[in-house]
Amino acid sequence: MVWKYTKEKPCKTCYGWGVWFSSGCAHEKFVCPECGRKQCLLHWPYPMKTEEKAIHFLKSAELRTGKRCFVRHVNIGKFEKWKIFASEADYKSYLKTRIHKRD
């Protein structure tokens with residue numbers, strides 16, 4: 001089977017494009033009905049090293065929060081990371097206090 005998803009044309013359901021990137025942990029998973037990728041439902045709140053990794057967990061964040069979420073670049077100390085946010089208020093709160101406002 002040829003993988004048909006790319007960064008320019010990601011999966012419409014889970015936003016992913018990397019066939020090789022499926023969650024290998026033993027936690028509960030969201031399995032994308034379109035492309036079959038598996039996403040852990042517990043890892044999304046944590047900072048990610050790359051934008052691609054954060055996007056991998058974006059659908060699971062939306063399922064857990066019940067909101068349309070987005071990925072933003074953040075600086076945590078001297079480290080540059082990517083995080084998932086549920087709203088602009090959540091993002092602004094995190095930048096100021098490092099505490100999420102997921103209401």
# chains A, B, ... in the order shown; residues from 1 in each chain; ligands from 1

$ residues_around --residues "Cys40 of chain A" --least-positions-apart "4" --cutoff "7 Å" --atoms "only C-alpha atoms" --output "PyMOL selection string"
chain A and resi 23+27-30+60

$ write_last_selection --atoms "C-alpha atoms" --output "short mmCIF file (atom, residue, chain, number, x, y, z; two decimals), in the first residue's frame"
data_model
loop_
_atom_site.label_atom_id
_atom_site.label_comp_id
_atom_site.auth_asym_id
_atom_site.auth_seq_id
_atom_site.Cartn_x
_atom_site.Cartn_y
_atom_site.Cartn_z
CA SER A 23 1.87 5.74 19.26
CA HIS A 27 -2.44 3.64 26.79
CA GLU A 28 -5.92 4.02 25.29
CA LYS A 29 -5.70 5.00 21.61
CA PHE A 30 -7.69 6.88 19.01
CA SER A 60 -6.63 13.14 20.55
#

$ select_by_dssp --residues "chain A" --states "alpha helix (DSSP H)" --output "PDB file with N, CA and C atoms, in the first residue's frame"
ATOM      1  N   GLU A  51       7.031  20.065  15.718  1.00  0.00           N
ATOM      2  CA  GLU A  51       5.661  20.397  15.324  1.00  0.00           C
ATOM      3  C   GLU A  51       4.944  19.144  14.812  1.00  0.00           C
ATOM      4  N   GLU A  52       5.650  18.313  14.069  1.00  0.00           N
ATOM      5  CA  GLU A  52       5.045  17.095  13.534  1.00  0.00           C
ATOM      6  C   GLU A  52       4.535  16.190  14.651  1.00  0.00           C
ATOM      7  N   LYS A  53       5.328  16.058  15.712  1.00  0.00           N
ATOM      8  CA  LYS A  53       4.908  15.217  16.827  1.00  0.00           C
ATOM      9  C   LYS A  53       3.680  15.806  17.511  1.00  0.00           C
ATOM     10  N   ALA A  54       3.644  17.132  17.682  1.00  0.00           N
ATOM     11  CA  ALA A  54       2.483  17.781  18.295  1.00  0.00           C
ATOM     12  C   ALA A  54       1.241  17.586  17.428  1.00  0.00           C
ATOM     13  N   ILE A  55       1.391  17.713  16.121  1.00  0.00           N
ATOM     14  CA  ILE A  55       0.258  17.514  15.220  1.00  0.00           C
ATOM     15  C   ILE A  55      -0.235  16.071  15.288  1.00  0.00           C
ATOM     16  N   HIS A  56       0.680  15.149  15.505  1.00  0.00           N
ATOM     17  CA  HIS A  56       0.295  13.739  15.639  1.00  0.00           C
ATOM     18  C   HIS A  56      -0.746  13.562  16.752  1.00  0.00           C
ATOM     19  N   LEU A  58      -2.806  15.971  17.929  1.00  0.00           N
ATOM     20  CA  LEU A  58      -3.829  17.017  17.858  1.00  0.00           C
ATOM     21  C   LEU A  58      -5.253  16.459  17.909  1.00  0.00           C
ATOM     22  N   LYS A  59      -5.527  15.411  17.182  1.00  0.00           N
ATOM     23  CA  LYS A  59      -6.880  14.846  17.169  1.00  0.00           C
ATOM     24  C   LYS A  59      -7.252  14.299  18.546  1.00  0.00           C
ATOM     25  N   SER A  60      -6.309  13.657  19.220  1.00  0.00           N
ATOM     26  CA  SER A  60      -6.625  13.137  20.554  1.00  0.00           C
ATOM     27  C   SER A  60      -6.906  14.281  21.525  1.00  0.00           C
ATOM     28  N   ALA A  61      -6.239  15.426  21.357  1.00  0.00           N
ATOM     29  CA  ALA A  61      -6.525  16.597  22.195  1.00  0.00           C
ATOM     30  C   ALA A  61      -7.946  17.088  21.947  1.00  0.00           C
ATOM     31  N   GLU A  62      -8.339  17.115  20.690  1.00  0.00           N
ATOM     32  CA  GLU A  62      -9.692  17.566  20.362  1.00  0.00           C
ATOM     33  C   GLU A  62     -10.748  16.620  20.929  1.00  0.00           C
ATOM     34  N   LEU A  63     -10.468  15.334  20.890  1.00  0.00           N
ATOM     35  CA  LEU A  63     -11.404  14.365  21.453  1.00  0.00           C
ATOM     36  C   LEU A  63     -11.515  14.523  22.968  1.00  0.00           C
ATOM     37  N   ARG A  64     -10.398  14.780  23.639  1.00  0.00           N
ATOM     38  CA  ARG A  64     -10.401  14.907  25.105  1.00  0.00           C
ATOM     39  C   ARG A  64     -11.009  16.225  25.577  1.00  0.00           C
ATOM     40  N   THR A  65     -10.782  17.312  24.845  1.00  0.00           N
ATOM     41  CA  THR A  65     -11.280  18.619  25.283  1.00  0.00           C
ATOM     42  C   THR A  65     -12.660  18.940  24.712  1.00  0.00           C
ATOM     43  N   GLU A  88      -7.351  30.512  22.376  1.00  0.00           N
ATOM     44  CA  GLU A  88      -6.378  31.617  22.474  1.00  0.00           C
ATOM     45  C   GLU A  88      -6.155  31.992  23.936  1.00  0.00           C
ATOM     46  N   ALA A  89      -7.208  31.951  24.763  1.00  0.00           N
ATOM     47  CA  ALA A  89      -7.074  32.260  26.193  1.00  0.00           C
ATOM     48  C   ALA A  89      -6.155  31.240  26.868  1.00  0.00           C
ATOM     49  N   ASP A  90      -6.277  29.992  26.489  1.00  0.00           N
ATOM     50  CA  ASP A  90      -5.407  28.941  27.016  1.00  0.00           C
ATOM     51  C   ASP A  90      -3.955  29.219  26.632  1.00  0.00           C
ATOM     52  N   TYR A  91      -3.725  29.571  25.374  1.00  0.00           N
ATOM     53  CA  TYR A  91      -2.376  29.876  24.883  1.00  0.00           C
ATOM     54  C   TYR A  91      -1.781  31.077  25.622  1.00  0.00           C
ATOM     55  N   LYS A  92      -2.540  32.160  25.747  1.00  0.00           N
ATOM     56  CA  LYS A  92      -2.045  33.368  26.421  1.00  0.00           C
ATOM     57  C   LYS A  92      -1.784  33.109  27.898  1.00  0.00           C
ATOM     58  N   SER A  93      -2.651  32.347  28.538  1.00  0.00           N
ATOM     59  CA  SER A  93      -2.452  31.992  29.939  1.00  0.00           C
ATOM     60  C   SER A  93      -1.161  31.195  30.108  1.00  0.00           C
ATOM     61  N   TYR A  94      -0.934  30.250  29.215  1.00  0.00           N
ATOM     62  CA  TYR A  94       0.269  29.427  29.300  1.00  0.00           C
ATOM     63  C   TYR A  94       1.536  30.265  29.108  1.00  0.00           C
ATOM     64  N   LEU A  95       1.503  31.209  28.186  1.00  0.00           N
ATOM     65  CA  LEU A  95       2.670  32.069  27.964  1.00  0.00           C
ATOM     66  C   LEU A  95       3.000  32.899  29.212  1.00  0.00           C
ATOM     67  N   LYS A  96       1.964  33.383  29.899  1.00  0.00           N
ATOM     68  CA  LYS A  96       2.174  34.224  31.082  1.00  0.00           C
ATOM     69  C   LYS A  96       2.528  33.428  32.333  1.00  0.00           C
ATOM     70  N   THR A  97       1.842  32.316  32.545  1.00  0.00           N
ATOM     71  CA  THR A  97       1.932  31.625  33.842  1.00  0.00           C
ATOM     72  C   THR A  97       2.459  30.204  33.766  1.00  0.00           C
TER      73      THR A  97
END

$ select_by_dssp --residues "segment 15-97 of chain A" --states "strand (DSSP E or B)" --output "JSON, numbers by chain"
{"A": [29, 30, 31, 38, 39, 40, 48, 70, 71, 72, 73, 74, 75, 76, 79, 80, 81, 82, 83, 84, 85]}

$ atom_distance --atom1 "atom CA of Arg98 of chain A" --atom2 "atom CA of Pro47 of chain A"
11.3 Å

$ closest_residue --among "A:Lys7, A:Lys67, A:His100, A:Lys49" --to "Phe79 of chain A" --atoms "only C-alpha atoms"
A:Lys49

$ atom_distance --atom1 "atom CA of Cys14 of chain A" --atom2 "atom CA of Asn75 of chain A"
25.6 Å

$ residues_around --residues "Cys11 of chain A" --least-positions-apart "4" --cutoff "8 Å" --atoms "only C-alpha atoms" --output "JSON list (two decimals) with N, CA and C atoms, in the first residue's frame"
[["chain", "number", "residue", "atom", "x", "y", "z"],
["A", 5, "TYR", "N", -0.72, 10.33, 2.28],
["A", 5, "TYR", "CA", -0.78, 11.57, 3.03],
["A", 5, "TYR", "C", 0.60, 12.22, 3.12],
["A", 15, "TYR", "N", -5.21, 14.79, 10.78],
["A", 15, "TYR", "CA", -4.21, 15.80, 10.44],
["A", 15, "TYR", "C", -2.79, 15.25, 10.25],
["A", 16, "GLY", "N", -2.60, 13.96, 10.35],
["A", 16, "GLY", "CA", -1.27, 13.38, 10.27],
["A", 16, "GLY", "C", -0.85, 13.08, 8.84],
["A", 17, "TRP", "N", 0.45, 12.92, 8.68],
["A", 17, "TRP", "CA", 0.98, 12.59, 7.36],
["A", 17, "TRP", "C", 2.09, 11.55, 7.42],
["A", 34, "GLU", "N", -9.82, 6.99, 8.92],
["A", 34, "GLU", "CA", -9.43, 7.25, 7.53],
["A", 34, "GLU", "C", -8.08, 6.62, 7.18],
["A", 35, "CYS", "N", -7.05, 6.87, 8.03],
["A", 35, "CYS", "CA", -5.70, 6.40, 7.67],
["A", 35, "CYS", "C", -5.19, 5.27, 8.56]]

$ atom_distance --atom1 "atom CA of Pro10 of chain A" --atom2 "atom CA of Lys83 of chain A"
19.0 Å

$ closest_residue --among "A:Thr13, A:Glu80, A:Thr6, A:Ala86" --to "Trp44 of chain A" --atoms "only C-alpha atoms"
A:Ala86

$ closest_residue --among "A:His43, A:His73, A:Lys9, A:Trp3" --to "Gly24 of chain A" --atoms "only C-alpha atoms"
A:His43
